>>> print(open('start37.cif').read())   # mmCIF, C-alpha atoms and all ligand atoms
data_run
#
loop_
_atom_site.label_atom_id
_atom_site.label_comp_id
_atom_site.auth_asym_id
_atom_site.auth_seq_id
_atom_site.Cartn_x
_atom_site.Cartn_y
_atom_site.Cartn_z
CA MET A 2 -115.23 5.49 124.85
CA ILE A 3 -117.66 3.51 127.00
CA LYS A 4 -119.92 0.83 125.58
CA VAL A 5 -122.72 -1.22 127.08
CA ALA A 6 -123.05 -4.60 125.38
CA LYS A 7 -126.32 -6.45 125.82
CA PHE A 8 -126.58 -10.05 124.62
CA GLY A 9 -129.92 -11.67 123.82
CA GLY A 10 -131.10 -15.23 124.45
CA THR A 11 -129.76 -16.89 121.29
CA SER A 12 -126.35 -15.33 121.94
CA MET A 13 -126.43 -17.09 125.32
CA ALA A 14 -128.03 -20.36 124.24
CA ASP A 15 -125.18 -22.74 125.18
CA GLY A 16 -121.63 -22.84 126.49
CA VAL A 17 -120.06 -22.38 123.06
CA ASN A 18 -122.06 -19.19 122.67
CA PHE A 19 -121.07 -18.03 126.17
CA ARG A 20 -117.46 -18.27 124.98
CA ARG A 21 -118.33 -16.43 121.78
CA VAL A 22 -119.88 -13.63 123.85
CA ALA A 23 -116.80 -13.51 126.12
CA ASP A 24 -114.56 -13.21 123.03
CA ILE A 25 -116.64 -10.30 121.71
CA VAL A 26 -116.48 -8.52 125.06
CA ASN A 27 -112.77 -9.13 125.45
CA ALA A 28 -112.04 -7.90 121.93
CA ASP A 29 -112.87 -4.32 122.97
CA SER A 30 -111.82 -2.85 126.31
CA SER A 31 -114.50 -0.15 126.01
CA ARG A 32 -117.17 -2.88 126.45
CA ARG A 33 -117.18 -2.29 130.18
CA PHE A 34 -120.82 -3.06 130.94
CA VAL A 35 -122.34 -6.35 129.91
CA VAL A 36 -126.07 -7.12 130.22
CA VAL A 37 -127.27 -10.64 129.54
CA SER A 38 -130.53 -12.41 128.78
CA ALA A 39 -131.30 -15.95 129.91
CA PRO A 40 -130.27 -18.73 127.51
CA GLY A 41 -132.69 -18.89 124.59
CA LYS A 42 -133.39 -21.56 122.00
CA ARG A 43 -130.46 -23.63 120.72
CA TYR A 44 -132.42 -24.93 117.74
CA GLY A 45 -135.96 -24.74 116.32
CA GLY A 46 -138.32 -26.53 118.69
CA ASP A 47 -136.07 -25.94 121.73
CA THR A 48 -137.48 -24.11 124.78
CA LYS A 49 -136.13 -20.85 126.21
CA ILE A 50 -135.01 -20.93 129.84
CA THR A 51 -137.52 -18.16 130.63
CA ASP A 52 -140.37 -20.32 129.33
CA LEU A 53 -139.12 -23.35 131.27
CA LEU A 54 -139.10 -21.22 134.40
CA TYR A 55 -142.65 -20.00 133.81
CA SER A 56 -143.71 -23.66 133.51
CA ALA A 57 -141.78 -24.51 136.66
CA HIS A 58 -143.65 -21.78 138.53
CA THR A 59 -146.99 -23.10 137.26
CA ALA A 60 -146.02 -26.61 138.40
CA LEU A 61 -144.99 -25.29 141.82
CA GLU A 62 -148.34 -23.58 142.27
CA ALA A 63 -150.30 -26.63 141.11
CA THR A 64 -148.37 -29.45 142.77
CA GLY A 65 -146.01 -27.93 145.31
CA ALA A 66 -143.00 -29.21 143.32
CA LEU A 67 -140.96 -27.57 140.56
CA GLY A 68 -141.19 -30.65 138.35
CA GLU A 69 -139.66 -31.57 134.99
CA SER A 70 -139.18 -28.04 133.66
CA PHE A 71 -136.85 -27.07 136.46
CA LYS A 72 -134.87 -30.27 135.93
CA LYS A 73 -134.33 -29.11 132.35
CA VAL A 74 -133.24 -25.69 133.60
CA ARG A 75 -130.67 -27.37 135.83
CA GLU A 76 -129.36 -29.51 132.98
CA ARG A 77 -129.04 -26.50 130.68
CA TYR A 78 -126.88 -24.53 133.13
CA VAL A 79 -124.79 -27.54 134.04
CA SER A 80 -124.00 -28.12 130.38
CA VAL A 81 -123.37 -24.40 129.74
CA VAL A 82 -120.72 -24.43 132.47
CA ARG A 83 -119.25 -27.74 131.26
CA GLU A 84 -119.03 -26.48 127.67
CA THR A 85 -117.25 -23.30 128.71
CA GLY A 86 -114.66 -25.37 130.59
CA LEU A 87 -115.07 -23.00 133.52
CA ASP A 88 -114.34 -24.05 137.09
CA PHE A 89 -117.64 -22.88 138.59
CA ALA A 90 -119.79 -24.44 141.33
CA ILE A 91 -123.02 -24.34 139.33
CA GLU A 92 -124.70 -27.25 141.17
CA GLU A 93 -124.44 -25.41 144.49
CA LEU A 94 -125.79 -22.21 142.96
CA LEU A 95 -128.68 -24.14 141.41
CA ASP A 96 -129.48 -25.79 144.78
CA ARG A 97 -129.56 -22.42 146.48
CA THR A 98 -131.67 -20.94 143.69
CA GLU A 99 -134.15 -23.82 143.92
CA GLU A 100 -134.56 -23.28 147.66
CA GLU A 101 -135.19 -19.55 147.14
CA ILE A 102 -137.73 -20.17 144.38
CA LYS A 103 -139.66 -22.54 146.66
CA LYS A 104 -139.56 -20.08 149.52
CA ILE A 105 -140.45 -16.92 147.60
CA ARG A 106 -143.01 -18.52 145.27
CA SER A 107 -143.48 -15.62 142.89
CA ALA A 108 -143.56 -15.97 139.10
CA ASP A 109 -141.41 -12.87 138.66
CA PHE A 110 -138.74 -14.12 141.05
CA THR A 111 -138.71 -17.59 139.49
CA VAL A 112 -138.32 -16.39 135.90
CA SER A 113 -135.76 -13.75 136.86
CA ARG A 114 -133.42 -16.58 137.86
CA GLY A 115 -132.78 -17.27 134.16
CA GLU A 116 -130.92 -13.99 133.76
CA TYR A 117 -129.45 -14.15 137.28
CA LEU A 118 -127.75 -17.51 136.69
CA ALA A 119 -126.59 -16.53 133.20
CA ALA A 120 -125.01 -13.33 134.52
CA LYS A 121 -123.29 -15.20 137.37
CA VAL A 122 -121.67 -17.61 134.93
CA MET A 123 -120.77 -14.85 132.45
CA ALA A 124 -119.16 -12.73 135.19
CA ALA A 125 -117.00 -15.72 136.15
CA LEU A 126 -116.08 -16.35 132.53
CA LEU A 127 -115.04 -12.74 131.99
CA GLY A 128 -113.41 -12.35 135.39
CA ALA A 129 -115.75 -9.37 135.84
CA ASP A 130 -117.82 -8.07 138.75
CA PHE A 131 -121.42 -9.20 139.08
CA ILE A 132 -124.06 -6.62 140.03
CA ASP A 133 -127.47 -7.98 140.96
CA ALA A 134 -130.20 -6.06 139.10
CA LYS A 135 -132.45 -6.34 142.16
CA ASP A 136 -130.14 -3.96 144.04
CA VAL A 137 -129.87 -1.33 141.33
CA ILE A 138 -132.92 -1.41 139.04
CA ARG A 139 -135.87 -0.16 141.01
CA PHE A 140 -139.58 -0.04 140.23
CA THR A 141 -142.12 2.32 141.77
CA ALA A 142 -145.17 0.84 143.49
CA ASP A 143 -147.20 1.26 140.27
CA GLY A 144 -144.68 -0.76 138.28
CA LYS A 145 -142.80 2.05 136.49
CA LEU A 146 -139.05 2.44 136.45
CA ASP A 147 -137.91 4.46 139.46
CA GLU A 148 -135.53 7.25 138.37
CA ALA A 149 -133.49 6.40 141.48
CA SER A 150 -132.19 3.40 139.53
CA PHE A 151 -129.73 5.56 137.56
CA ALA A 152 -128.00 6.81 140.72
CA LEU A 153 -128.02 3.34 142.27
CA LEU A 154 -126.36 1.88 139.18
CA ALA A 155 -123.80 4.69 138.90
CA GLU A 156 -122.89 4.16 142.55
CA ALA A 157 -122.52 0.40 142.05
CA PHE A 158 -120.26 0.93 139.01
CA LYS A 159 -117.74 3.01 140.96
CA GLY A 160 -114.24 1.55 140.99
CA LYS A 161 -115.17 -1.43 138.81
CA LYS A 162 -113.44 -2.20 135.54
CA ARG A 163 -116.00 -4.47 133.98
CA THR A 164 -119.41 -5.52 135.28
CA VAL A 165 -122.05 -8.03 134.28
CA ILE A 166 -125.68 -7.27 135.06
CA PRO A 167 -128.60 -9.66 134.56
CA GLY A 168 -131.30 -8.23 132.30
CA PHE A 169 -135.10 -8.41 132.55
CA TYR A 170 -135.66 -7.67 136.25
CA GLY A 171 -135.27 -5.30 139.14
CA ALA A 172 -137.06 -4.91 142.44
CA LEU A 173 -139.57 -2.79 144.30
CA LYS A 174 -138.30 -0.65 147.15
CA ASP A 175 -138.95 -3.48 149.64
CA GLY A 176 -136.74 -5.85 147.62
CA THR A 177 -139.54 -7.84 145.93
CA VAL A 178 -138.22 -8.95 142.54
CA LYS A 179 -140.20 -7.74 139.55
CA THR A 180 -139.61 -8.30 135.83
CA PHE A 181 -140.12 -6.09 132.81
CA THR A 182 -142.38 -7.39 130.03
CA ARG A 183 -140.97 -10.15 127.80
CA GLY A 184 -137.81 -9.19 125.99
CA GLY A 185 -137.14 -6.66 128.75
CA SER A 186 -133.37 -7.22 128.95
CA ASP A 187 -133.19 -4.67 126.13
CA ILE A 188 -134.59 -2.13 128.58
CA THR A 189 -132.04 -3.11 131.24
CA GLY A 190 -129.32 -2.51 128.65
CA ALA A 191 -130.69 0.95 127.89
CA ILE A 192 -130.95 1.86 131.58
CA THR A 193 -127.39 0.67 132.10
CA ALA A 194 -126.17 2.73 129.14
CA ARG A 195 -127.68 5.88 130.56
CA ALA A 196 -126.41 5.25 134.10
CA ALA A 197 -122.91 4.49 132.80
CA GLY A 198 -122.85 7.61 130.59
CA ALA A 199 -122.10 5.29 127.67
CA ASP A 200 -121.21 6.54 124.20
CA LEU A 201 -122.86 3.55 122.57
CA TYR A 202 -125.40 0.90 123.52
CA GLU A 203 -124.61 -2.27 121.59
CA ASN A 204 -127.46 -4.72 121.36
CA TRP A 205 -126.12 -8.10 120.26
CA THR A 206 -128.64 -10.49 118.76
CA ASP A 207 -128.91 -13.17 116.07
CA VAL A 208 -129.61 -10.94 113.06
CA SER A 209 -127.45 -8.30 111.39
CA GLY A 210 -129.79 -5.44 112.23
CA PHE A 211 -133.22 -4.28 111.20
CA MET A 212 -134.42 -5.44 107.83
CA ALA A 213 -136.56 -3.15 105.69
CA CYS A 214 -139.35 -5.70 106.08
CA ASP A 215 -140.11 -9.10 107.57
CA PRO A 216 -137.72 -11.67 105.99
CA ARG A 217 -140.41 -14.34 106.40
CA ILE A 218 -142.48 -12.43 103.84
CA VAL A 219 -139.84 -11.01 101.49
CA GLU A 220 -136.74 -13.07 100.82
CA ASN A 221 -133.52 -11.29 101.72
CA PRO A 222 -134.88 -7.80 102.31
CA GLU A 223 -132.45 -4.89 102.50
CA ARG A 224 -130.81 -4.16 105.82
CA ILE A 225 -131.54 -0.70 107.26
CA PRO A 226 -128.07 0.79 107.90
CA SER A 227 -129.34 3.57 110.16
CA LEU A 228 -132.61 4.93 111.44
CA SER A 229 -133.87 7.46 113.96
CA TYR A 230 -135.26 6.76 117.42
CA GLN A 231 -138.74 7.70 116.18
CA GLU A 232 -138.55 5.37 113.21
CA LEU A 233 -137.38 2.58 115.50
CA ARG A 234 -140.28 3.19 117.84
CA GLU A 235 -142.81 3.05 115.01
CA LEU A 236 -141.29 -0.06 113.45
CA SER A 237 -140.81 -2.02 116.65
CA TYR A 238 -144.22 -1.13 118.04
CA MET A 239 -145.72 -2.28 114.76
CA GLY A 240 -144.11 -5.69 114.90
CA ALA A 241 -140.45 -5.44 113.85
CA ASN A 242 -139.14 -7.74 116.51
CA VAL A 243 -135.47 -6.91 116.91
CA LEU A 244 -135.60 -4.65 119.95
CA HIS A 245 -138.11 -4.13 122.77
CA SER A 246 -140.21 -1.12 121.74
CA GLU A 247 -139.60 0.62 125.09
CA SER A 248 -135.82 0.42 124.90
CA ILE A 249 -135.25 3.92 123.64
CA PHE A 250 -136.78 5.78 126.57
CA PRO A 251 -133.83 5.47 128.97
CA VAL A 252 -131.23 6.37 126.32
CA ARG A 253 -133.26 9.14 124.71
CA GLU A 254 -132.53 11.74 127.38
CA ALA A 255 -128.83 10.98 127.18
CA ASP A 256 -128.59 11.00 123.36
CA ILE A 257 -126.96 7.56 123.23
CA PRO A 258 -127.04 5.71 119.89
CA ILE A 259 -128.00 2.03 119.83
CA GLN A 260 -126.22 -0.35 117.52
CA ILE A 261 -127.79 -3.69 116.63
CA LYS A 262 -125.04 -6.27 116.11
CA ASN A 263 -125.01 -9.94 115.19
CA THR A 264 -123.18 -12.20 117.68
CA PHE A 265 -122.75 -14.80 114.95
CA ARG A 266 -121.39 -12.30 112.38
CA PRO A 267 -119.65 -9.67 114.50
CA GLU A 268 -117.95 -8.21 111.42
CA ASP A 269 -121.33 -7.05 110.00
CA ASP A 270 -122.16 -3.37 110.51
CA GLY A 271 -125.67 -4.00 111.80
CA THR A 272 -128.11 -1.13 112.24
CA LEU A 273 -127.35 2.13 113.99
CA ILE A 274 -130.27 3.81 115.77
CA LEU A 275 -129.68 7.51 116.26
CA PRO A 276 -131.10 10.14 118.59
CA PRO A 277 -132.46 13.34 116.97
CA SER A 278 -129.23 15.27 117.62
CA LYS A 279 -127.19 12.74 115.65
CA TYR A 280 -129.65 11.64 112.97
CA ARG A 281 -129.15 12.90 109.40
CA TYR A 282 -131.73 12.18 106.73
CA GLY A 283 -130.10 9.87 104.19
CA GLY A 284 -132.39 10.36 101.20
CA ARG A 285 -134.64 7.30 101.35
CA THR A 286 -138.40 7.85 101.05
CA VAL A 287 -139.32 4.81 103.12
CA THR A 288 -137.05 3.44 105.84
CA GLY A 289 -138.92 0.26 106.67
CA ILE A 290 -142.19 -1.64 106.60
CA ALA A 291 -143.68 -3.47 109.59
CA GLY A 292 -147.02 -4.97 110.37
CA LYS A 293 -149.30 -6.69 112.83
CA THR A 294 -152.05 -9.13 112.04
CA HIS A 295 -155.39 -10.09 113.58
CA PHE A 296 -157.11 -6.92 114.64
CA THR A 297 -160.82 -6.62 115.30
CA VAL A 298 -162.70 -3.52 114.15
CA ILE A 299 -165.72 -2.22 116.03
CA PHE A 300 -167.57 0.05 113.59
CA LEU A 301 -170.18 2.54 114.77
CA GLU A 302 -172.57 4.65 112.75
CA LYS A 303 -174.98 7.25 114.07
CA SER A 304 -176.58 10.17 112.24
CA LEU A 305 -175.36 13.51 113.57
CA MET A 306 -172.66 11.80 115.61
CA ASN A 307 -170.53 14.86 114.91
CA ALA A 308 -172.91 17.09 116.88
CA GLU A 309 -173.26 14.80 119.87
CA ILE A 310 -170.88 16.10 122.48
CA GLY A 311 -169.31 13.33 124.56
CA PHE A 312 -169.98 10.55 122.04
CA THR A 313 -166.33 9.47 121.78
CA TYR A 314 -165.85 9.93 125.50
CA LYS A 315 -168.70 7.54 126.28
CA VAL A 316 -167.39 4.87 123.90
CA LEU A 317 -163.84 5.20 125.19
CA SER A 318 -165.12 4.95 128.76
CA VAL A 319 -166.44 1.47 127.94
CA LEU A 320 -163.04 0.38 126.64
CA TYR A 321 -161.36 1.95 129.64
CA ARG A 322 -163.59 0.08 132.09
CA HIS A 323 -162.56 -3.19 130.42
CA GLY A 324 -158.86 -2.23 130.38
CA VAL A 325 -158.83 -2.58 126.59
CA SER A 326 -156.58 -0.30 124.56
CA PHE A 327 -157.22 0.49 120.92
CA GLU A 328 -154.59 1.01 118.24
CA HIS A 329 -156.39 3.32 115.84
CA MET A 330 -159.62 5.23 115.64
CA PRO A 331 -160.47 6.34 112.10
CA THR A 332 -163.52 8.59 112.01
CA GLY A 333 -166.01 9.93 109.48
CA ILE A 334 -168.74 12.50 110.05
CA ASP A 335 -171.29 9.94 111.21
CA THR A 336 -169.00 6.94 111.63
CA MET A 337 -166.21 5.83 113.88
CA SER A 338 -164.14 2.64 114.07
CA PHE A 339 -161.91 1.23 116.75
CA LEU A 340 -159.11 -1.15 115.83
CA ILE A 341 -158.32 -3.45 118.71
CA ASP A 342 -155.88 -6.33 119.09
CA GLY A 343 -158.10 -9.42 118.74
CA ALA A 344 -156.38 -11.16 121.66
CA LEU A 345 -157.75 -8.52 124.08
CA LEU A 346 -161.32 -9.31 123.12
CA GLU A 347 -161.42 -13.04 123.69
CA GLY A 348 -163.56 -14.89 126.26
CA GLY A 349 -166.73 -12.84 125.83
CA VAL A 350 -165.06 -9.42 126.28
CA LEU A 351 -166.01 -8.31 122.74
CA GLU A 352 -169.69 -9.16 123.23
CA GLN A 353 -169.79 -7.39 126.59
CA ILE A 354 -168.09 -4.27 125.19
CA CYS A 355 -170.53 -4.14 122.26
CA ARG A 356 -173.49 -4.41 124.64
CA GLU A 357 -172.18 -1.58 126.78
CA ILE A 358 -171.40 0.65 123.79
CA LYS A 359 -174.97 0.19 122.54
CA GLU A 360 -176.31 1.18 125.95
CA ALA A 361 -173.96 4.14 126.25
CA VAL A 362 -174.45 5.81 122.84
CA ASN A 363 -177.34 4.02 121.12
CA PRO A 364 -175.73 3.87 117.63
CA ASP A 365 -177.82 3.34 114.45
CA HIS A 366 -175.44 0.50 113.53
CA LEU A 367 -172.70 -1.37 115.35
CA ARG A 368 -170.78 -3.90 113.30
CA VAL A 369 -167.76 -6.01 114.10
CA TYR A 370 -165.20 -7.00 111.47
CA ASP A 371 -162.70 -9.68 112.23
CA ASP A 372 -159.23 -10.19 110.97
CA VAL A 373 -157.94 -6.89 109.78
CA SER A 374 -154.16 -6.50 109.56
CA LEU A 375 -152.16 -3.32 109.73
CA ILE A 376 -149.11 -2.43 107.68
CA ALA A 377 -146.98 0.51 108.77
CA VAL A 378 -144.86 2.23 106.16
CA VAL A 379 -142.33 4.29 108.09
CA GLY A 380 -139.74 6.91 107.19
CA HIS A 381 -138.82 10.56 107.71
CA GLY A 382 -138.47 10.72 103.92
CA MET A 383 -142.24 10.52 103.48
CA SER A 384 -142.73 14.12 104.56
CA LYS A 385 -139.99 15.21 102.16
CA ASN A 386 -141.15 13.43 99.03
CA VAL A 387 -144.36 14.49 97.33
CA GLY A 388 -146.35 11.61 95.87
CA THR A 389 -145.40 8.96 98.42
CA SER A 390 -149.00 8.02 99.17
CA ALA A 391 -149.82 7.90 95.46
CA ARG A 392 -147.00 5.38 95.01
CA LEU A 393 -148.05 3.42 98.09
CA PHE A 394 -151.70 3.11 97.17
CA GLY A 395 -150.86 2.55 93.52
CA ALA A 396 -148.73 -0.43 94.51
CA ILE A 397 -151.47 -1.81 96.76
CA ALA A 398 -154.09 -1.36 94.05
CA SER A 399 -151.88 -3.10 91.48
CA ALA A 400 -151.68 -6.06 93.83
CA GLY A 401 -155.48 -6.20 93.73
CA VAL A 402 -155.85 -5.51 97.45
CA ASN A 403 -158.75 -3.60 98.95
CA VAL A 404 -157.69 -1.01 101.55
CA ARG A 405 -159.92 -1.17 104.64
CA MET A 406 -158.42 1.72 106.56
CA ILE A 407 -155.81 4.46 106.25
CA ASP A 408 -154.17 6.37 109.06
CA GLN A 409 -151.39 8.86 108.51
CA GLY A 410 -149.56 9.71 111.72
CA SER A 411 -149.63 13.43 112.41
CA SER A 412 -145.83 13.56 112.26
CA GLU A 413 -145.95 12.31 108.64
CA LEU A 414 -143.54 9.64 109.79
CA ASN A 415 -145.82 6.76 108.97
CA ILE A 416 -148.81 5.73 106.95
CA ILE A 417 -150.74 2.81 108.36
CA VAL A 418 -152.89 0.78 106.04
CA GLY A 419 -155.49 -1.77 107.17
CA VAL A 420 -156.22 -4.74 104.91
CA ASP A 421 -157.93 -8.11 105.32
CA THR A 422 -155.50 -10.50 106.98
CA GLU A 423 -155.65 -12.80 103.95
CA ASP A 424 -154.20 -9.92 101.87
CA TYR A 425 -151.52 -9.02 104.41
CA GLU A 426 -148.44 -10.72 102.96
CA ARG A 427 -149.35 -9.78 99.39
CA THR A 428 -149.60 -6.14 100.43
CA VAL A 429 -146.25 -6.15 102.27
CA ARG A 430 -144.57 -7.64 99.19
CA ALA A 431 -146.16 -5.06 96.88
CA VAL A 432 -145.12 -2.14 99.09
CA TYR A 433 -141.57 -3.48 99.44
CA ARG A 434 -141.28 -3.87 95.67
CA GLU A 435 -142.45 -0.29 95.12
CA PHE A 436 -140.03 1.37 97.51
CA PHE A 437 -137.02 -0.93 97.63
CA GLU A 438 -136.58 -2.81 94.39
N1 LIG B 1 -135.51 -13.77 129.02
C1 LIG B 1 -136.56 -12.83 128.91
C2 LIG B 1 -137.52 -13.25 127.81
O1 LIG B 1 -137.36 -14.31 127.22
C3 LIG B 1 -136.08 -11.44 128.76
C4 LIG B 1 -135.17 -11.18 127.61
O2 LIG B 1 -134.60 -12.12 127.05
O3 LIG B 1 -134.99 -10.03 127.25
O4 LIG B 1 -138.43 -12.54 127.53
#
>>> encode(input="start37.cif", output="structure tokens", more="lines below")
Ligand code: ASP
Amino acid sequence: MIKVAKFGGTSMADGVNFRRVADIVNADSSRRFVVVSAPGKRYGGDTKITDLLYSAHTALEATGALGESFKKVRERYVSVVRETGLDFAIEELLDRTEEEIKKIRSADFTVSRGEYLAAKVMAALLGADFIDAKDVIRFTADGKLDEASFALLAEAFKGKKRTVIPGFYGALKDGTVKTFTRGGSDITGAITARAAGADLYENWTDVSGFMACDPRIVENPERIPSLSYQELRELSYMGANVLHSESIFPVREADIPIQIKNTFRPEDDGTLILPPSKYRYGGRTVTGIAGKTHFTVIFLEKSLMNAEIGFTYKVLSVLYRHGVSFEHMPTGIDTMSFLIDGALLEGGVLEQICREIKEAVNPDHLRVYDDVSLIAVVGHGMSKNVGTSARLFGAIASAGVNVRMIDQGSSELNIIVGVDTEDYERTVRAVYREFFE
């Protein structure tokens, strides 16, 4: 049995937690590959190391000095090492790191040092080998993961009993350090699992798995004991924040299950995420509910739109030119709407896009609605149980909420409902009550 154990930021927040992580790893000899995040928040209001490093980079660009934020980074690592009781020359490593940051002057390199330093200390604590992600995780020139990474990792693992790998970054072929998007250590863990031929990818975090809905909206929601890769993808893309939504791609080919575990309650079962070959439908109609708020809708109406060849193409070309992606596109015979993350349309982008759409397709009406929220109701059971949508919309109607949009994924794995943002939480609670209580 081979396991990859990835630990997130809260699991690495201070020296006591470093020890906790080491105990978890040492408790199971099959945990041979350890991937770590940078130290996260120790308490509400604290700042993650990654965020401190982003600020340090900004300060370096603006003033030529790394400033206060980097001082805090130094203090955090010094106290991590002190709290572990480890004999480790952290000051020297920090000095060297500071020099490199000043020389290289790239945001990606600077922030990658959070994971680098954490992995160095963890390797010393475990008496394990350290492998630098920049030597084994490779990106192609257009920023995608280079398949060569799997062979590079496998080669680096040869003859080693236990290794620690920093998450979140890799490098281009020329050695330039590049990071994944935020939360990307989850992806490093998945890549490592595939390269190591692991039987299980354990993802250790600060919650006991996926909850059936956001615990900030429903008190103590049910834990999801197991779900499929596809359900995970739908839920995490739509806002369930436990795992990076791209984490399944590397493990998918290799059929490796992912288990979400809680560092602070290791005895809890967590959530098991299963590839298609291992997933068995357990009888639930709905597996989970997730949601995202603050979408903008661009609504178009034009008589005989259906007969106008190229209409959609012309509208989408405008979005493409502005690098704006849309989440959903409900259509009628003479109408069409685009749901777009409001953050992508700030700073005059929305106005410009609307102008260009009018020029491109000359609609009878173009209207913009602000503040629509989306709720995704996800589960393989929905295709197996007749009447699911009747129950869903019945529950929403009973809560007195007006549905603005409906989108059923073609796989029948999800139904996405758009409501006014002010109705969002009420809707989530109503749907949870219908399917889980
Ligand atoms: N430290 C990085 C972040 O805060 C990556 C990670 O933790 O996965 O996003």
>>> residues_around(input="start37.cif", residues="Arg43 of chain A", least_positions_apart="3", cutoff="9 Å", atoms="all atoms listed in the file", output="PyMOL selection string")
chain A and resi 11+13-15+40+46-49
>>> write_last_selection(input="start37.cif", atoms="C-alpha atoms", output="CSV table (one decimal), in the frame of the given file")
chain,number,residue,atom,x,y,z
A,11,THR,CA,-129.8,-16.9,121.3
A,13,MET,CA,-126.4,-17.1,125.3
A,14,ALA,CA,-128.0,-20.4,124.2
A,15,ASP,CA,-125.2,-22.7,125.2
A,40,PRO,CA,-130.3,-18.7,127.5
A,46,GLY,CA,-138.3,-26.5,118.7
A,47,ASP,CA,-136.1,-25.9,121.7
A,48,THR,CA,-137.5,-24.1,124.8
A,49,LYS,CA,-136.1,-20.8,126.2
>>> closest_residue(input="start37.cif", among="A:Asp143, A:Asp175, A:Asp421, A:Asp187", to="ligand LIG 1 (chain B)", atoms="only C-alpha atoms and all ligand atoms")
A:Asp187
>>> closest_residue(input="start37.cif", among="A:Tyr117, A:Tyr321, A:Phe131, A:Phe169", to="ligand LIG 1 (chain B)", atoms="all atoms listed in the file")
A:Phe169
>>> residues_around(input="start37.cif", residues="Ser326 of chain A", least_positions_apart="4", cutoff="10 Å", atoms="all atoms listed in the file", output="PyMOL selection string")
chain A and resi 317+320-321+339-342+345
>>> closest_atom_pairs(input="start37.cif", of="chain A", to="ligand LIG 1 (chain B)", cutoff="12 Å", atoms="all atoms listed in the file", output="tab-separated table")
residue	atom	partner	partner_atom	distance
A:Lys7	CA	B:LIG1	O3	9.5
A:Phe8	CA	B:LIG1	O2	8.6
A:Gly9	CA	B:LIG1	O2	5.7
A:Gly10	CA	B:LIG1	O2	5.4
A:Thr11	CA	B:LIG1	O2	8.9
A:Ser12	CA	B:LIG1	O2	10.2
A:Met13	CA	B:LIG1	O2	9.7
A:Ala14	CA	B:LIG1	O2	10.9
A:Val36	CA	B:LIG1	O3	9.8
A:Val37	CA	B:LIG1	O2	7.9
A:Ser38	CA	B:LIG1	O2	4.4
A:Ala39	CA	B:LIG1	N1	4.8
A:Pro40	CA	B:LIG1	N1	7.4
A:Gly41	CA	B:LIG1	O1	7.0
A:Lys42	CA	B:LIG1	O1	9.8
A:Thr48	CA	B:LIG1	O1	10.1
A:Lys49	CA	B:LIG1	O1	6.7
A:Ile50	CA	B:LIG1	N1	7.2
A:Thr51	CA	B:LIG1	N1	5.1
A:Asp52	CA	B:LIG1	O1	7.0
A:Leu53	CA	B:LIG1	O1	10.1
A:Leu54	CA	B:LIG1	N1	9.9
A:Tyr55	CA	B:LIG1	O1	10.2
A:Asp109	CA	B:LIG1	C1	10.9
A:Thr111	CA	B:LIG1	N1	11.6
A:Val112	CA	B:LIG1	N1	7.9
A:Ser113	CA	B:LIG1	N1	7.8
A:Arg114	CA	B:LIG1	N1	9.5
A:Gly115	CA	B:LIG1	N1	6.8
A:Glu116	CA	B:LIG1	N1	6.6
A:Tyr117	CA	B:LIG1	N1	10.3
A:Leu118	CA	B:LIG1	N1	11.5
A:Ala119	CA	B:LIG1	N1	10.2
A:Ala120	CA	B:LIG1	N1	11.9
A:Pro167	CA	B:LIG1	C3	9.6
A:Gly168	CA	B:LIG1	O3	6.5
A:Phe169	CA	B:LIG1	C3	5.0
A:Tyr170	CA	B:LIG1	C3	8.4
A:Thr180	CA	B:LIG1	C3	8.5
A:Phe181	CA	B:LIG1	C3	7.8
A:Thr182	CA	B:LIG1	O4	7.0
A:Arg183	CA	B:LIG1	O4	3.5
A:Gly184	CA	B:LIG1	O3	3.2
A:Gly185	CA	B:LIG1	O3	4.3
A:Ser186	CA	B:LIG1	O3	3.7
A:Asp187	CA	B:LIG1	O3	5.8
A:Ile188	CA	B:LIG1	O3	8.0
A:Thr189	CA	B:LIG1	O3	8.5
A:Gly190	CA	B:LIG1	O3	9.5
A:Ala191	CA	B:LIG1	O3	11.8
A:Asn204	CA	B:LIG1	O3	10.9
A:Trp205	CA	B:LIG1	O3	11.5
A:Thr206	CA	B:LIG1	O2	10.3
A:Asn242	CA	B:LIG1	O3	11.7
A:Val243	CA	B:LIG1	O3	10.8
A:Leu244	CA	B:LIG1	O3	9.1
A:His245	CA	B:LIG1	O3	8.0
A:Ser246	CA	B:LIG1	O3	11.7
A:Glu247	CA	B:LIG1	O3	11.8
A:Ser248	CA	B:LIG1	O3	10.7
>>> closest_residue(input="start37.cif", among="A:Ala361, A:Ala255, A:Val74, A:Ile274", to="Leu233 of chain A", atoms="only C-alpha atoms")
A:Ile274
>>> closest_residue(input="start37.cif", among="A:Leu305, A:Val298, A:Ala344, A:Ala66", to="Val420 of chain A", atoms="all atoms listed in the file")
A:Val298
>>> residues_around(input="start37.cif", residues="Ala396 of chain A", least_positions_apart="3", cutoff="9 Å", atoms="all atoms listed in the file", output="PyMOL selection string")
chain A and resi 391-393+399-401+428+431-432+434-435
>>> closest_residue(input="start37.cif", among="A:Pro226, A:Pro267, A:Gly144, A:Pro276", to="Ile249 of chain A", atoms="all atoms listed in the file")
A:Pro276
>>> closest_residue(input="start37.cif", among="A:Leu127, A:Ile102, A:Val362, A:Ala90", to="Gly65 of chain A", atoms="all atoms listed in the file")
A:Ile102
>>> residues_around(input="start37.cif", residues="Val373 of chain A", least_positions_apart="4", cutoff="7 Å", atoms="all atoms listed in the file", output="list in words")
Thr294, His295, Phe296, Thr297, Gly419, Val420, Asp421 and Thr422 of chain A
